[in-house]
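J.: Quick one, query.txt (compact mmCIF, N, CA and C atoms):
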# COMPACT_ATOMS: atom_id res chain seq x y z
N THR A 1 234.04 271.23 203.66
CA THR A 1 235.33 271.63 204.20
C THR A 1 235.20 273.00 204.87
N VAL A 2 236.22 273.35 205.60
CA VAL A 2 236.25 274.65 206.28
C VAL A 2 236.21 275.78 205.25
N GLU A 3 236.93 275.60 204.16
CA GLU A 3 236.95 276.65 203.12
C GLU A 3 235.56 276.85 202.51
N ASP A 4 234.83 275.77 202.27
CA ASP A 4 233.47 275.87 201.73
C ASP A 4 232.56 276.62 202.71
N MET A 5 232.71 276.29 203.98
CA MET A 5 231.91 276.94 205.02
C MET A 5 232.21 278.43 205.06
N LYS A 6 233.48 278.79 205.02
CA LYS A 6 233.88 280.21 205.04
C LYS A 6 233.32 280.93 203.83
N GLU A 7 233.38 280.27 202.68
CA GLU A 7 232.91 280.89 201.44
C GLU A 7 231.41 281.14 201.49
N ARG A 8 230.65 280.18 201.96
CA ARG A 8 229.18 280.33 201.99
C ARG A 8 228.69 281.27 203.08
N LEU A 9 229.34 281.22 204.23
CA LEU A 9 228.90 282.05 205.35
C LEU A 9 229.49 283.46 205.33
N GLY A 10 230.66 283.59 204.81
CA GLY A 10 231.38 284.85 204.92
C GLY A 10 232.18 284.85 206.21
N THR A 11 233.15 285.73 206.29
CA THR A 11 234.08 285.74 207.42
C THR A 11 233.39 285.96 208.77
N VAL A 12 232.52 286.95 208.84
CA VAL A 12 231.89 287.31 210.12
C VAL A 12 231.01 286.17 210.65
N ARG A 13 230.15 285.63 209.80
CA ARG A 13 229.27 284.56 210.26
C ARG A 13 230.05 283.26 210.52
N TYR A 14 231.09 283.01 209.74
CA TYR A 14 231.93 281.84 209.99
C TYR A 14 232.57 281.93 211.38
N LYS A 15 233.10 283.12 211.70
CA LYS A 15 233.73 283.30 213.01
C LYS A 15 232.72 283.14 214.14
N LYS A 16 231.49 283.59 213.91
CA LYS A 16 230.43 283.44 214.91
C LYS A 16 230.13 281.95 215.13
N LEU A 17 230.02 281.20 214.04
CA LEU A 17 229.77 279.76 214.15
C LEU A 17 230.94 279.05 214.84
N LYS A 18 232.13 279.45 214.51
CA LYS A 18 233.32 278.87 215.13
C LYS A 18 233.33 279.13 216.63
N SER A 19 232.99 280.34 217.01
CA SER A 19 232.93 280.71 218.43
C SER A 19 231.85 279.91 219.16
N LEU A 20 230.67 279.78 218.55
CA LEU A 20 229.58 278.98 219.14
C LEU A 20 230.01 277.53 219.31
N THR A 21 230.68 277.00 218.31
CA THR A 21 231.12 275.61 218.34
C THR A 21 232.14 275.39 219.46
N LYS A 22 233.02 276.34 219.62
CA LYS A 22 234.03 276.25 220.68
C LYS A 22 233.36 276.26 222.06
N GLU A 23 232.37 277.14 222.24
CA GLU A 23 231.62 277.22 223.52
C GLU A 23 230.88 275.92 223.79
N PHE A 24 230.28 275.36 222.73
CA PHE A 24 229.55 274.10 222.88
C PHE A 24 230.52 272.96 223.23
N ALA A 25 231.66 272.93 222.58
CA ALA A 25 232.67 271.89 222.84
C ALA A 25 233.18 271.97 224.28
N ASN A 26 233.25 273.18 224.82
CA ASN A 26 233.72 273.38 226.20
C ASN A 26 232.62 273.12 227.22
N GLY A 27 231.40 272.92 226.76
CA GLY A 27 230.29 272.66 227.66
C GLY A 27 229.63 273.91 228.23
N SER A 28 230.00 275.08 227.73
CA SER A 28 229.41 276.31 228.26
C SER A 28 228.13 276.72 227.52
N THR A 29 227.74 275.97 226.50
CA THR A 29 226.50 276.22 225.77
C THR A 29 225.69 274.93 225.75
N LEU A 30 224.41 275.02 226.02
CA LEU A 30 223.53 273.85 225.97
C LEU A 30 223.37 273.38 224.53
N PRO A 31 223.18 272.07 224.32
CA PRO A 31 223.05 271.54 222.95
C PRO A 31 221.95 272.22 222.13
N GLU A 32 220.78 272.41 222.75
CA GLU A 32 219.67 273.04 222.03
C GLU A 32 220.00 274.48 221.68
N GLN A 33 220.63 275.17 222.59
CA GLN A 33 221.02 276.56 222.35
C GLN A 33 222.03 276.63 221.20
N TYR A 34 222.97 275.70 221.20
CA TYR A 34 223.97 275.67 220.12
C TYR A 34 223.30 275.48 218.76
N VAL A 35 222.39 274.53 218.67
CA VAL A 35 221.70 274.26 217.40
C VAL A 35 220.89 275.47 216.97
N ASP A 36 220.12 276.06 217.90
CA ASP A 36 219.29 277.23 217.58
C ASP A 36 220.13 278.41 217.12
N GLU A 37 221.19 278.69 217.86
CA GLU A 37 222.04 279.83 217.51
C GLU A 37 222.79 279.57 216.21
N SER A 38 223.19 278.33 215.98
CA SER A 38 223.85 278.00 214.72
C SER A 38 222.91 278.21 213.54
N ALA A 39 221.67 277.78 213.70
CA ALA A 39 220.68 277.96 212.63
C ALA A 39 220.46 279.44 212.31
N SER A 40 220.50 280.28 213.33
CA SER A 40 220.25 281.71 213.12
C SER A 40 221.36 282.38 212.31
N ILE A 41 222.51 281.73 212.22
CA ILE A 41 223.63 282.29 211.45
C ILE A 41 223.40 282.13 209.94
N PHE A 42 222.69 281.09 209.56
CA PHE A 42 222.45 280.81 208.14
C PHE A 42 221.28 281.64 207.62
N ASP A 43 221.38 282.04 206.35
CA ASP A 43 220.39 282.92 205.75
C ASP A 43 218.95 282.45 205.93
N LYS A 44 218.69 281.18 205.67
CA LYS A 44 217.32 280.65 205.75
C LYS A 44 217.12 279.79 206.99
N GLY A 45 218.01 279.92 207.95
CA GLY A 45 217.87 279.16 209.19
C GLY A 45 217.83 277.67 208.94
N LEU A 46 216.82 277.01 209.49
CA LEU A 46 216.69 275.56 209.34
C LEU A 46 216.36 275.15 207.92
N SER A 47 215.88 276.06 207.11
CA SER A 47 215.56 275.75 205.72
C SER A 47 216.75 275.92 204.79
N ASP A 48 217.87 276.31 205.34
CA ASP A 48 219.06 276.54 204.52
C ASP A 48 219.81 275.23 204.29
N GLU A 49 220.03 274.88 203.04
CA GLU A 49 220.74 273.64 202.72
C GLU A 49 222.13 273.61 203.34
N SER A 50 222.79 274.75 203.38
CA SER A 50 224.14 274.81 203.94
C SER A 50 224.14 274.45 205.42
N PHE A 51 223.09 274.83 206.13
CA PHE A 51 222.98 274.47 207.55
C PHE A 51 223.03 272.95 207.69
N TRP A 52 222.21 272.26 206.91
CA TRP A 52 222.14 270.79 207.01
C TRP A 52 223.38 270.12 206.43
N GLU A 53 224.07 270.80 205.55
CA GLU A 53 225.29 270.25 204.99
C GLU A 53 226.45 270.32 205.98
N PHE A 54 226.53 271.41 206.76
CA PHE A 54 227.69 271.62 207.62
C PHE A 54 227.47 271.29 209.10
N VAL A 55 226.35 271.70 209.67
CA VAL A 55 226.17 271.64 211.12
C VAL A 55 226.13 270.21 211.68
N PRO A 56 225.40 269.26 211.09
CA PRO A 56 225.43 267.91 211.68
C PRO A 56 226.84 267.32 211.77
N ASP A 57 227.63 267.49 210.72
CA ASP A 57 229.02 266.98 210.75
C ASP A 57 229.87 267.75 211.76
N LEU A 58 229.61 269.02 211.86
CA LEU A 58 230.33 269.85 212.84
C LEU A 58 230.03 269.36 214.25
N ILE A 59 228.77 269.06 214.52
CA ILE A 59 228.37 268.55 215.84
C ILE A 59 229.06 267.21 216.12
N ARG A 60 229.05 266.34 215.13
CA ARG A 60 229.66 265.00 215.30
C ARG A 60 231.16 265.07 215.57
N SER A 61 231.80 266.14 215.15
CA SER A 61 233.25 266.26 215.32
C SER A 61 233.65 266.74 216.71
N ILE A 62 232.68 267.08 217.54
CA ILE A 62 232.96 267.62 218.87
C ILE A 62 233.15 266.47 219.86
N PRO A 63 234.19 266.53 220.69
CA PRO A 63 234.47 265.44 221.63
C PRO A 63 233.50 265.34 222.82
N ASN A 64 232.64 266.34 223.03
CA ASN A 64 231.68 266.36 224.13
C ASN A 64 230.55 265.37 223.81
N THR A 65 230.76 264.07 224.10
CA THR A 65 229.86 263.00 223.67
C THR A 65 228.43 263.18 224.12
N MET A 66 228.23 263.50 225.39
CA MET A 66 226.88 263.66 225.91
C MET A 66 226.17 264.84 225.22
N GLY A 67 226.85 265.95 225.09
CA GLY A 67 226.29 267.12 224.42
C GLY A 67 226.02 266.85 222.96
N VAL A 68 226.90 266.09 222.31
CA VAL A 68 226.73 265.75 220.90
C VAL A 68 225.47 264.92 220.70
N ASP A 69 225.26 263.91 221.56
CA ASP A 69 224.07 263.08 221.45
C ASP A 69 222.80 263.90 221.60
N GLU A 70 222.78 264.77 222.59
CA GLU A 70 221.61 265.64 222.81
C GLU A 70 221.39 266.58 221.64
N ALA A 71 222.46 267.17 221.13
CA ALA A 71 222.36 268.10 220.01
C ALA A 71 221.85 267.38 218.76
N LEU A 72 222.33 266.18 218.51
CA LEU A 72 221.89 265.43 217.34
C LEU A 72 220.43 265.01 217.45
N LYS A 73 220.00 264.64 218.66
CA LYS A 73 218.58 264.30 218.87
C LYS A 73 217.71 265.53 218.62
N TYR A 74 218.13 266.66 219.17
CA TYR A 74 217.38 267.91 218.99
C TYR A 74 217.37 268.30 217.51
N LEU A 75 218.50 268.17 216.86
CA LEU A 75 218.62 268.50 215.44
C LEU A 75 217.68 267.63 214.62
N GLU A 76 217.59 266.35 214.97
CA GLU A 76 216.70 265.44 214.24
C GLU A 76 215.24 265.82 214.43
N THR A 77 214.85 266.21 215.64
CA THR A 77 213.45 266.64 215.85
C THR A 77 213.15 267.90 215.06
N LEU A 78 214.12 268.81 215.00
CA LEU A 78 213.92 270.04 214.21
C LEU A 78 213.83 269.72 212.72
N ARG A 79 214.68 268.80 212.27
CA ARG A 79 214.66 268.43 210.86
C ARG A 79 213.31 267.83 210.47
N MET A 80 212.80 266.93 211.34
CA MET A 80 211.51 266.30 211.06
C MET A 80 210.39 267.33 211.07
N ALA A 81 210.40 268.20 212.07
CA ALA A 81 209.36 269.23 212.16
C ALA A 81 209.43 270.18 210.97
N ASN A 82 210.64 270.56 210.60
CA ASN A 82 210.82 271.46 209.47
C ASN A 82 210.37 270.80 208.17
N GLU A 83 210.70 269.54 208.02
CA GLU A 83 210.31 268.80 206.82
C GLU A 83 208.79 268.67 206.73
N MET A 84 208.14 268.38 207.85
CA MET A 84 206.68 268.27 207.85
C MET A 84 206.05 269.62 207.52
N GLN A 85 206.63 270.68 208.06
CA GLN A 85 206.11 272.01 207.78
C GLN A 85 206.27 272.35 206.30
N GLU A 86 207.39 271.99 205.73
CA GLU A 86 207.61 272.23 204.31
C GLU A 86 206.59 271.46 203.47
N ARG A 87 206.31 270.22 203.85
CA ARG A 87 205.32 269.42 203.11
C ARG A 87 203.92 270.00 203.29
N GLU A 88 203.60 270.37 204.51
CA GLU A 88 202.26 270.89 204.82
C GLU A 88 201.98 272.19 204.09
N PHE A 89 202.93 273.10 204.13
CA PHE A 89 202.69 274.42 203.58
C PHE A 89 203.32 274.62 202.21
N GLY A 90 203.97 273.58 201.70
CA GLY A 90 204.50 273.65 200.35
C GLY A 90 205.57 274.70 200.17
N GLY A 91 206.40 274.89 201.18
CA GLY A 91 207.45 275.89 201.09
C GLY A 91 208.43 275.58 199.98
N ALA A 92 209.04 276.62 199.44
CA ALA A 92 209.97 276.46 198.34
C ALA A 92 211.39 276.18 198.82
N ALA A 93 211.65 276.39 200.09
CA ALA A 93 213.00 276.20 200.61
C ALA A 93 213.31 274.71 200.73
N ALA A 94 214.55 274.37 200.52
CA ALA A 94 214.97 272.98 200.62
C ALA A 94 215.25 272.61 202.06
N VAL A 95 215.02 271.35 202.40
CA VAL A 95 215.29 270.86 203.74
C VAL A 95 216.19 269.65 203.61
N GLY A 96 217.45 269.81 203.88
CA GLY A 96 218.40 268.71 203.83
C GLY A 96 218.39 267.99 202.49
N THR A 97 219.12 266.92 202.39
CA THR A 97 219.18 266.19 201.14
C THR A 97 218.02 265.24 200.98
N ALA A 98 217.46 264.77 202.07
CA ALA A 98 216.37 263.80 201.96
C ALA A 98 215.04 264.48 201.65
N GLY A 99 214.89 265.74 202.01
CA GLY A 99 213.60 266.40 201.84
C GLY A 99 213.63 267.56 200.88
N ARG A 100 214.45 267.49 199.86
CA ARG A 100 214.55 268.63 198.94
C ARG A 100 213.25 268.85 198.20
N LYS A 101 212.91 270.11 198.05
CA LYS A 101 211.73 270.51 197.29
C LYS A 101 212.17 271.62 196.37
N ASN A 102 211.51 271.74 195.25
CA ASN A 102 211.85 272.88 194.40
C ASN A 102 210.74 273.91 194.44
N ALA A 103 211.02 275.08 193.93
CA ALA A 103 210.10 276.21 194.06
C ALA A 103 208.79 275.97 193.32
N THR A 104 208.76 275.12 192.31
CA THR A 104 207.55 274.92 191.54
C THR A 104 206.56 274.00 192.24
N SER A 105 206.96 273.33 193.32
CA SER A 105 206.06 272.42 194.00
C SER A 105 205.22 273.10 195.08
N ALA A 106 205.37 274.41 195.24
CA ALA A 106 204.63 275.13 196.28
C ALA A 106 203.14 275.16 195.95
N LYS A 107 202.30 274.84 196.93
CA LYS A 107 200.86 274.87 196.74
C LYS A 107 200.34 276.27 197.05
N LYS A 108 199.31 276.70 196.34
CA LYS A 108 198.69 277.98 196.63
C LYS A 108 197.74 277.80 197.81
N VAL A 109 197.64 278.82 198.62
CA VAL A 109 196.72 278.80 199.74
C VAL A 109 195.46 279.54 199.29
N ASN A 110 194.31 278.91 199.42
CA ASN A 110 193.06 279.51 199.01
C ASN A 110 192.35 280.05 200.25
N TYR A 111 192.41 281.35 200.42
CA TYR A 111 191.78 281.96 201.57
C TYR A 111 190.30 282.22 201.27
N VAL A 112 189.42 281.82 202.17
CA VAL A 112 188.00 282.04 202.02
C VAL A 112 187.59 283.10 203.04
N LEU A 113 187.10 284.22 202.52
CA LEU A 113 186.68 285.30 203.41
C LEU A 113 185.20 285.12 203.74
N PRO A 114 184.80 285.50 204.95
CA PRO A 114 183.38 285.39 205.31
C PRO A 114 182.54 286.36 204.49
N ALA A 115 181.28 285.98 204.27
CA ALA A 115 180.37 286.85 203.52
C ALA A 115 180.11 288.13 204.32
N LYS A 116 179.81 289.22 203.60
CA LYS A 116 179.53 290.49 204.27
C LYS A 116 178.21 290.38 205.02
N LYS A 117 178.15 291.05 206.15
CA LYS A 117 176.96 291.05 206.98
C LYS A 117 175.87 291.85 206.29
N LYS A 118 174.67 291.29 206.20
CA LYS A 118 173.57 291.96 205.51
C LYS A 118 172.71 292.76 206.48
N ASN A 119 172.60 292.29 207.69
CA ASN A 119 171.76 292.96 208.68
C ASN A 119 172.61 293.57 209.78
N GLY A 120 172.07 294.59 210.44
CA GLY A 120 172.75 295.20 211.57
C GLY A 120 172.67 294.29 212.78
N ALA A 121 173.15 294.76 213.89
CA ALA A 121 173.18 293.96 215.11
C ALA A 121 171.78 293.60 215.60
N TRP A 122 170.77 294.41 215.25
CA TRP A 122 169.40 294.17 215.73
C TRP A 122 168.56 293.40 214.71
N GLY A 123 169.20 292.94 213.61
CA GLY A 123 168.46 292.14 212.64
C GLY A 123 167.82 292.96 211.54
N SER A 124 167.93 294.28 211.57
CA SER A 124 167.37 295.10 210.51
C SER A 124 168.50 295.57 209.61
N ASN A 125 168.19 296.27 208.56
CA ASN A 125 169.21 296.76 207.63
C ASN A 125 169.83 298.06 208.11
N GLY A 126 170.23 298.10 209.32
CA GLY A 126 170.90 299.27 209.86
C GLY A 126 169.94 300.32 210.37
N ASN A 127 168.63 300.09 210.28
CA ASN A 127 167.64 301.06 210.73
C ASN A 127 167.07 300.58 212.05
N SER A 128 167.75 300.90 213.12
CA SER A 128 167.33 300.41 214.42
C SER A 128 166.43 301.40 215.14
N ASN A 129 166.26 302.62 214.60
CA ASN A 129 165.44 303.63 215.27
C ASN A 129 163.98 303.18 215.41
N GLY A 130 163.44 302.59 214.34
CA GLY A 130 162.06 302.15 214.38
C GLY A 130 161.85 301.05 215.39
N ALA A 131 162.76 300.10 215.44
CA ALA A 131 162.64 298.96 216.36
C ALA A 131 162.76 299.44 217.80
N ALA A 132 163.66 300.38 218.04
CA ALA A 132 163.85 300.90 219.39
C ALA A 132 162.66 301.74 219.81
N ARG A 133 162.12 302.55 218.87
CA ARG A 133 160.98 303.40 219.18
C ARG A 133 159.75 302.55 219.46
N ASN A 134 159.55 301.47 218.72
CA ASN A 134 158.39 300.61 218.93
C ASN A 134 158.47 299.84 220.23
N ALA A 135 159.71 299.59 220.72
CA ALA A 135 159.87 298.82 221.95
C ALA A 135 159.55 299.66 223.17
N ILE A 136 159.56 300.99 223.05
CA ILE A 136 159.34 301.85 224.22
C ILE A 136 157.90 302.10 224.47
Is it possible to express this structure as structure tokens?
T.:
Amino acid sequence: TVEDMKERLGTVRYKKLKSLTKEFANGSTLPEQYVDESASIFDKGLSDESFWEFVPDLIRSIPNTMGVDEALKYLETLRMANEMQEREFGGAAAVGTAGRKNATSAKKVNYVLPAKKKNGAWGSNGNSNGAARNAI
């Protein structure tokens, strides 16, 4: 509901979303721009459950049919990409209701550092004076 949205976003961010929605409904904002800017209003962007709870229904309620279709297609590609990224990197943030993950499912990343160099650039242990002197 509108009251839930106001409560979660706060007055300032709710008004920003309302303004963006009005611009999109009037056709003065591109569908992709609307989705991107709407996501930026939420704390975790596309990973914010509230975004996925409110924005798709908000888009569907707009009478601009062509813009709505484009926005929903773009939203779906973002959802899929975000969900794949969450699975790949084991993020703790939830993605919509179908792709919820909890914080304990995050995988650790094992970074492997290269071994330290044992020889200098000339193949010796940093003593290049002898090699250079012998070459002359």
J.: State, in Å with one decimal place, the distance from atom C of Thr65 (chain A) to atom C of Met5 (chain A).
T.: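 Between these atoms lies a distance of 24.7 Å.
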J.: Find the residues near region 71-79 of chain A: any atom within 10 Å, counting only C-alpha atoms, skip ones fewer than 5 places away on the same chain, and give them as a ChimeraX atom specification.
T.: /A:24,30-36,46-47,52,55-57,59-60,65-66,84-85,95-96,99
J.: Work out how far atom N of Ile62 (chain A) is from atom C of Ser50 (chain A), in Å to one decimal.
T.: 16.6 Å
J.: Could you pull out the helix (DSSP H, G or I) residues of region 34-75 of chain A, going by DSSP on the backbone, and write them as number ranges by chain?
T.: A: 34-41, 45-47, 49-60, 65-75
J.: Would you mind reading off the distance between CA of Ala39 (chain A) and atom N of Lys16 (chain A), one decimal, in Å?
T.: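 That distance, rounded to one decimal, is 12.3 Å.
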J.: Using only C-alpha atoms, pick whichever of A:Ile41, A:Ser19, A:Asn64, A:Glu53 has the shortest atom-to-atom distance to Asp4 (chain A).
T.: A:Glu53
J.: Nearest to Ser61 (chain A) among A:Arg87, A:Lys22, A:Glu37, A:Met80, with distances taken over only C-alpha atoms: which residue is it?
T.: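 Closest to Ser61 (chain A) of all the choices is A:Lys22.
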J.: Restricting the calculation to only C-alpha atoms, which member of A:Glu7, A:Val68, A:Leu58, A:Glu86 is positioned closest to Thr21 (chain A)?
T.: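 Ranked by minimum distance to Thr21 (chain A), first place goes to A:Leu58.
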